[in-house]
>>> print(open('my_file_18.csv').read())   # CSV, N, CA and C atoms and all ligand atoms
chain,number,residue,atom,x,y,z
A,28,MET,N,0.8,-1.2,0.0
A,28,MET,CA,0.0,0.0,0.0
A,28,MET,C,0.9,1.2,0.0
A,29,GLN,N,0.3,2.3,-0.6
A,29,GLN,CA,1.1,3.5,-0.6
A,29,GLN,C,0.5,4.6,0.2
A,30,CYS,N,1.3,5.6,0.6
A,30,CYS,CA,0.7,6.7,1.4
A,30,CYS,C,-0.2,7.5,0.6
A,31,TYR,N,-1.4,7.7,1.1
A,31,TYR,CA,-2.5,8.4,0.4
A,31,TYR,C,-2.2,9.8,0.3
A,32,VAL,N,-1.6,10.4,1.4
A,32,VAL,CA,-1.3,11.8,1.3
A,32,VAL,C,-0.2,12.1,0.3
A,33,CYS,N,0.8,11.3,0.3
A,33,CYS,CA,1.9,11.4,-0.7
A,33,CYS,C,1.3,11.2,-2.1
A,34,ALA,N,0.5,10.2,-2.3
A,34,ALA,CA,-0.1,9.9,-3.6
A,34,ALA,C,-0.9,11.1,-4.1
A,35,LYS,N,-1.6,11.8,-3.2
A,35,LYS,CA,-2.3,13.0,-3.6
A,35,LYS,C,-1.4,14.1,-4.1
A,36,ALA,N,-0.2,14.1,-3.5
A,36,ALA,CA,0.8,15.1,-3.9
A,36,ALA,C,1.6,14.7,-5.1
A,37,GLY,N,1.3,13.5,-5.6
A,37,GLY,CA,2.0,13.0,-6.8
A,37,GLY,C,3.3,12.2,-6.5
A,38,LYS,N,3.5,11.9,-5.2
A,38,LYS,CA,4.7,11.1,-4.9
A,38,LYS,C,4.2,9.7,-4.6
A,39,GLN,N,5.2,8.7,-4.7
A,39,GLN,CA,4.9,7.4,-4.4
A,39,GLN,C,5.7,7.0,-3.2
A,40,THR,N,5.1,6.8,-2.1
A,40,THR,CA,5.8,6.5,-0.8
A,40,THR,C,5.1,5.3,-0.2
A,41,GLU,N,5.9,4.3,0.2
A,41,GLU,CA,5.4,3.1,0.8
A,41,GLU,C,4.8,3.4,2.2
A,42,ALA,N,3.6,2.9,2.4
A,42,ALA,CA,2.9,3.2,3.7
A,42,ALA,C,3.5,2.4,4.8
A,43,VAL,N,3.6,2.9,5.9
A,43,VAL,CA,4.1,2.2,7.1
A,43,VAL,C,3.0,2.0,8.1
A,44,GLY,N,1.9,2.7,7.9
A,44,GLY,CA,0.8,2.5,8.9
A,44,GLY,C,-0.5,2.8,8.2
A,45,ILE,N,-1.5,2.6,8.9
A,45,ILE,CA,-2.9,2.9,8.4
A,45,ILE,C,-3.7,3.7,9.4
A,46,CYS,N,-4.3,4.7,9.0
A,46,CYS,CA,-5.1,5.5,9.9
A,46,CYS,C,-6.3,4.6,10.4
A,47,ILE,N,-6.4,4.5,11.7
A,47,ILE,CA,-7.4,3.6,12.3
A,47,ILE,C,-8.8,4.2,12.1
A,48,VAL,N,-9.0,5.4,11.7
A,48,VAL,CA,-10.3,6.0,11.6
A,48,VAL,C,-10.8,5.9,10.1
A,49,CYS,N,-10.0,6.4,9.2
A,49,CYS,CA,-10.5,6.3,7.8
A,49,CYS,C,-9.8,5.2,7.0
A,50,GLY,N,-8.8,4.6,7.5
A,50,GLY,CA,-8.2,3.5,6.8
A,50,GLY,C,-7.2,3.8,5.7
A,51,MET,N,-6.8,5.1,5.6
A,51,MET,CA,-5.9,5.4,4.5
A,51,MET,C,-4.5,5.0,4.9
A,52,GLY,N,-3.7,4.6,3.9
A,52,GLY,CA,-2.3,4.3,4.2
A,52,GLY,C,-1.5,5.5,4.4
A,53,LEU,N,-0.5,5.4,5.3
A,53,LEU,CA,0.3,6.6,5.6
A,53,LEU,C,1.8,6.2,5.8
A,54,CYS,N,2.6,7.1,5.2
A,54,CYS,CA,4.1,6.9,5.4
A,54,CYS,C,4.6,7.4,6.7
A,55,MET,N,5.8,7.2,7.0
A,55,MET,CA,6.4,7.7,8.3
A,55,MET,C,6.1,9.2,8.5
A,56,GLU,N,6.2,9.9,7.4
A,56,GLU,CA,6.1,11.4,7.6
A,56,GLU,C,4.6,11.8,7.9
A,57,HIS,N,3.7,11.0,7.4
A,57,HIS,CA,2.3,11.4,7.5
A,57,HIS,C,1.5,10.6,8.6
A,58,ALA,N,2.1,9.6,9.1
A,58,ALA,CA,1.4,8.8,10.1
A,58,ALA,C,1.6,9.6,11.4
A,59,LEU,N,0.5,9.9,12.1
A,59,LEU,CA,0.6,10.6,13.4
A,59,LEU,C,0.2,9.6,14.5
A,60,ARG,N,1.2,9.4,15.4
A,60,ARG,CA,0.9,8.4,16.5
A,60,ARG,C,0.4,9.2,17.6
A,61,GLU,N,-0.9,8.9,18.0
A,61,GLU,CA,-1.5,9.7,19.1
A,61,GLU,C,-1.8,8.7,20.2
A,62,ASP,N,-1.6,9.0,21.4
A,62,ASP,CA,-2.1,8.2,22.5
A,62,ASP,C,-3.4,8.8,23.0
A,63,VAL,N,-4.5,8.1,22.7
A,63,VAL,CA,-5.8,8.6,23.0
A,63,VAL,C,-6.5,7.7,24.0
A,64,ASP,N,-7.4,8.2,24.7
A,64,ASP,CA,-8.2,7.4,25.6
A,64,ASP,C,-9.1,6.4,24.8
A,65,ILE,N,-9.5,5.4,25.5
A,65,ILE,CA,-10.4,4.4,24.9
A,65,ILE,C,-11.7,5.1,24.5
A,66,TRP,N,-12.0,4.8,23.3
A,66,TRP,CA,-13.3,5.4,22.8
A,66,TRP,C,-14.4,4.6,23.4
A,67,GLU,N,-15.5,5.3,23.6
A,67,GLU,CA,-16.7,4.6,24.1
A,67,GLU,C,-17.4,4.1,23.0
A,68,GLY,N,-18.0,2.9,23.2
A,68,GLY,CA,-19.0,2.4,22.2
A,68,GLY,C,-18.4,1.6,21.1
A,69,GLY,N,-18.2,0.3,21.4
A,69,GLY,CA,-18.1,-0.7,20.3
A,69,GLY,C,-16.7,-0.8,19.7
A,70,TYR,N,-15.7,-0.1,20.2
A,70,TYR,CA,-14.4,-0.4,19.7
A,70,TYR,C,-13.9,-1.8,20.0
A,71,PRO,N,-13.5,-2.5,19.1
A,71,PRO,CA,-13.2,-4.0,19.4
A,71,PRO,C,-11.9,-4.2,20.1
A,72,PHE,N,-11.7,-3.6,21.3
A,72,PHE,CA,-10.6,-4.0,22.1
A,72,PHE,C,-11.2,-4.4,23.5
A,73,PRO,N,-10.5,-5.4,24.1
A,73,PRO,CA,-11.0,-5.7,25.4
A,73,PRO,C,-10.7,-4.6,26.4
A,74,GLN,N,-11.8,-4.0,26.8
A,74,GLN,CA,-11.6,-2.7,27.6
A,74,GLN,C,-11.0,-3.0,29.0
A,75,LYS,N,-11.2,-4.2,29.5
A,75,LYS,CA,-10.6,-4.6,30.8
A,75,LYS,C,-9.1,-4.5,30.7
A,76,LYS,N,-8.5,-4.9,29.6
A,76,LYS,CA,-7.0,-4.9,29.5
A,76,LYS,C,-6.4,-3.5,29.2
A,77,ALA,N,-7.3,-2.6,28.7
A,77,ALA,CA,-6.7,-1.3,28.3
A,77,ALA,C,-6.7,-0.4,29.4
A,78,ARG,N,-5.8,-0.5,30.3
A,78,ARG,CA,-5.7,0.4,31.5
A,78,ARG,C,-5.0,1.7,31.1
A,79,LYS,N,-4.1,1.6,30.1
A,79,LYS,CA,-3.4,2.8,29.7
A,79,LYS,C,-4.1,3.3,28.4
A,80,GLN,N,-3.6,4.5,28.1
A,80,GLN,CA,-4.0,5.0,26.8
A,80,GLN,C,-3.3,4.2,25.7
A,81,LEU,N,-4.0,3.9,24.6
A,81,LEU,CA,-3.4,3.1,23.6
A,81,LEU,C,-2.9,4.0,22.5
A,82,PRO,N,-1.7,3.7,21.9
A,82,PRO,CA,-1.2,4.4,20.8
A,82,PRO,C,-2.0,4.1,19.6
A,83,ARG,N,-2.3,5.0,18.8
A,83,ARG,CA,-3.1,4.8,17.6
A,83,ARG,C,-2.5,5.6,16.5
A,84,ILE,N,-2.6,5.1,15.3
A,84,ILE,CA,-2.1,5.8,14.1
A,84,ILE,C,-3.3,6.6,13.5
A,85,LEU,N,-3.1,7.8,13.3
A,85,LEU,CA,-4.1,8.7,12.7
A,85,LEU,C,-3.5,9.5,11.5
A,86,CYS,N,-4.3,9.8,10.6
A,86,CYS,CA,-3.9,10.7,9.6
A,86,CYS,C,-4.2,12.2,10.1
A,87,GLU,N,-3.7,13.1,9.4
A,87,GLU,CA,-3.8,14.5,9.8
A,87,GLU,C,-5.3,14.9,9.9
A,88,GLU,N,-6.0,14.6,8.9
A,88,GLU,CA,-7.4,15.0,8.8
A,88,GLU,C,-8.2,14.4,10.0
A,89,CYS,N,-8.0,13.1,10.3
A,89,CYS,CA,-8.8,12.5,11.4
A,89,CYS,C,-8.3,13.1,12.7
A,90,ARG,N,-7.0,13.3,12.9
A,90,ARG,CA,-6.5,13.9,14.1
A,90,ARG,C,-7.2,15.3,14.3
A,91,ASP,N,-7.2,16.1,13.3
A,91,ASP,CA,-7.9,17.3,13.4
A,91,ASP,C,-9.4,17.2,13.8
A,92,ALA,N,-10.0,16.2,13.1
A,92,ALA,CA,-11.4,16.0,13.4
A,92,ALA,C,-11.7,15.5,14.8
A,93,LEU,N,-10.8,14.8,15.4
A,93,LEU,CA,-11.0,14.3,16.7
A,93,LEU,C,-10.5,15.3,17.8
A,94,ALA,N,-9.7,16.2,17.4
A,94,ALA,CA,-9.1,17.1,18.4
A,94,ALA,C,-10.2,18.0,19.1
A,101,ZN,ZN,3.2,10.4,3.0
A,102,ZN,ZN,-7.7,9.2,8.8
>>> encode(input="my_file_18.csv", output="structure tokens")
Amino acid sequence: MQCYVCAKAGKQTEAVGICIVCGMGLCMEHALREDVDIWEGGYPFPQKKARKQLPRILCEECRDALA
């Protein structure tokens, strides 16, 4: 998979991660790792085990949308 943000800019960069919200591929430069609280409602993680904030990969658009 290739980085969607780079592809939009006409570059071809191998994706290293995927935005967990929208699912677009992201390269090192565009993958934003955010430690966010457990979301309420149906996120498929065992909530009992998630005592800490979990690192998640987000794209810039989704990070802005969630901020
Ligand atoms: Zn990129
Ligand atoms: Zn996204």
>>> atom_distance(input="my_file_18.csv", atom1="atom CA of Glu88 of chain A", atom2="atom ZN of ligand ZN 102 (chain A)")
5.8 Å
>>> residues_near_ligand(input="my_file_18.csv", ligand="ligand ZN 101 (chain A)", cutoff="6.5 Å", atoms="only N, CA and C atoms and all ligand atoms", output="ChimeraX atom specification")
/A:30-34,40,53-58
>>> closest_residue(input="my_file_18.csv", among="A:Ile84, A:Lys35, A:Arg90, A:Gln29", to="Gly52 of chain A", atoms="all atoms listed in the file")
A:Gln29
>>> closest_atom_pairs(input="my_file_18.csv", of="chain A", to="ligand ZN 102 (chain A)", cutoff="8 Å", atoms="all atoms listed in the file", output="CSV")
residue,atom,partner,partner_atom,distance
A:Ile45,C,A:ZN102,ZN,6.8
A:Cys46,CA,A:ZN102,ZN,4.7
A:Ile47,N,A:ZN102,ZN,5.7
A:Val48,C,A:ZN102,ZN,4.7
A:Cys49,N,A:ZN102,ZN,3.6
A:Gly50,N,A:ZN102,ZN,4.9
A:Met51,N,A:ZN102,ZN,5.3
A:Gly52,N,A:ZN102,ZN,7.8
A:Ile84,C,A:ZN102,ZN,6.9
A:Leu85,C,A:ZN102,ZN,5.0
A:Cys86,N,A:ZN102,ZN,3.9
A:Glu87,N,A:ZN102,ZN,5.6
A:Glu88,C,A:ZN102,ZN,5.4
A:Cys89,N,A:ZN102,ZN,4.2
A:Arg90,N,A:ZN102,ZN,5.8
>>> closest_residue(input="my_file_18.csv", among="A:Glu61, A:Met28, A:Ala94, A:Ala42", to="Pro82 of chain A", atoms="all atoms listed in the file")
A:Glu61
>>> atom_distance(input="my_file_18.csv", atom1="atom CA of Leu93 of chain A", atom2="atom CA of Ala36 of chain A")
23.8 Å
>>> atom_distance(input="my_file_18.csv", atom1="atom C of Ala92 of chain A", atom2="atom CA of Lys38 of chain A")
26.0 Å
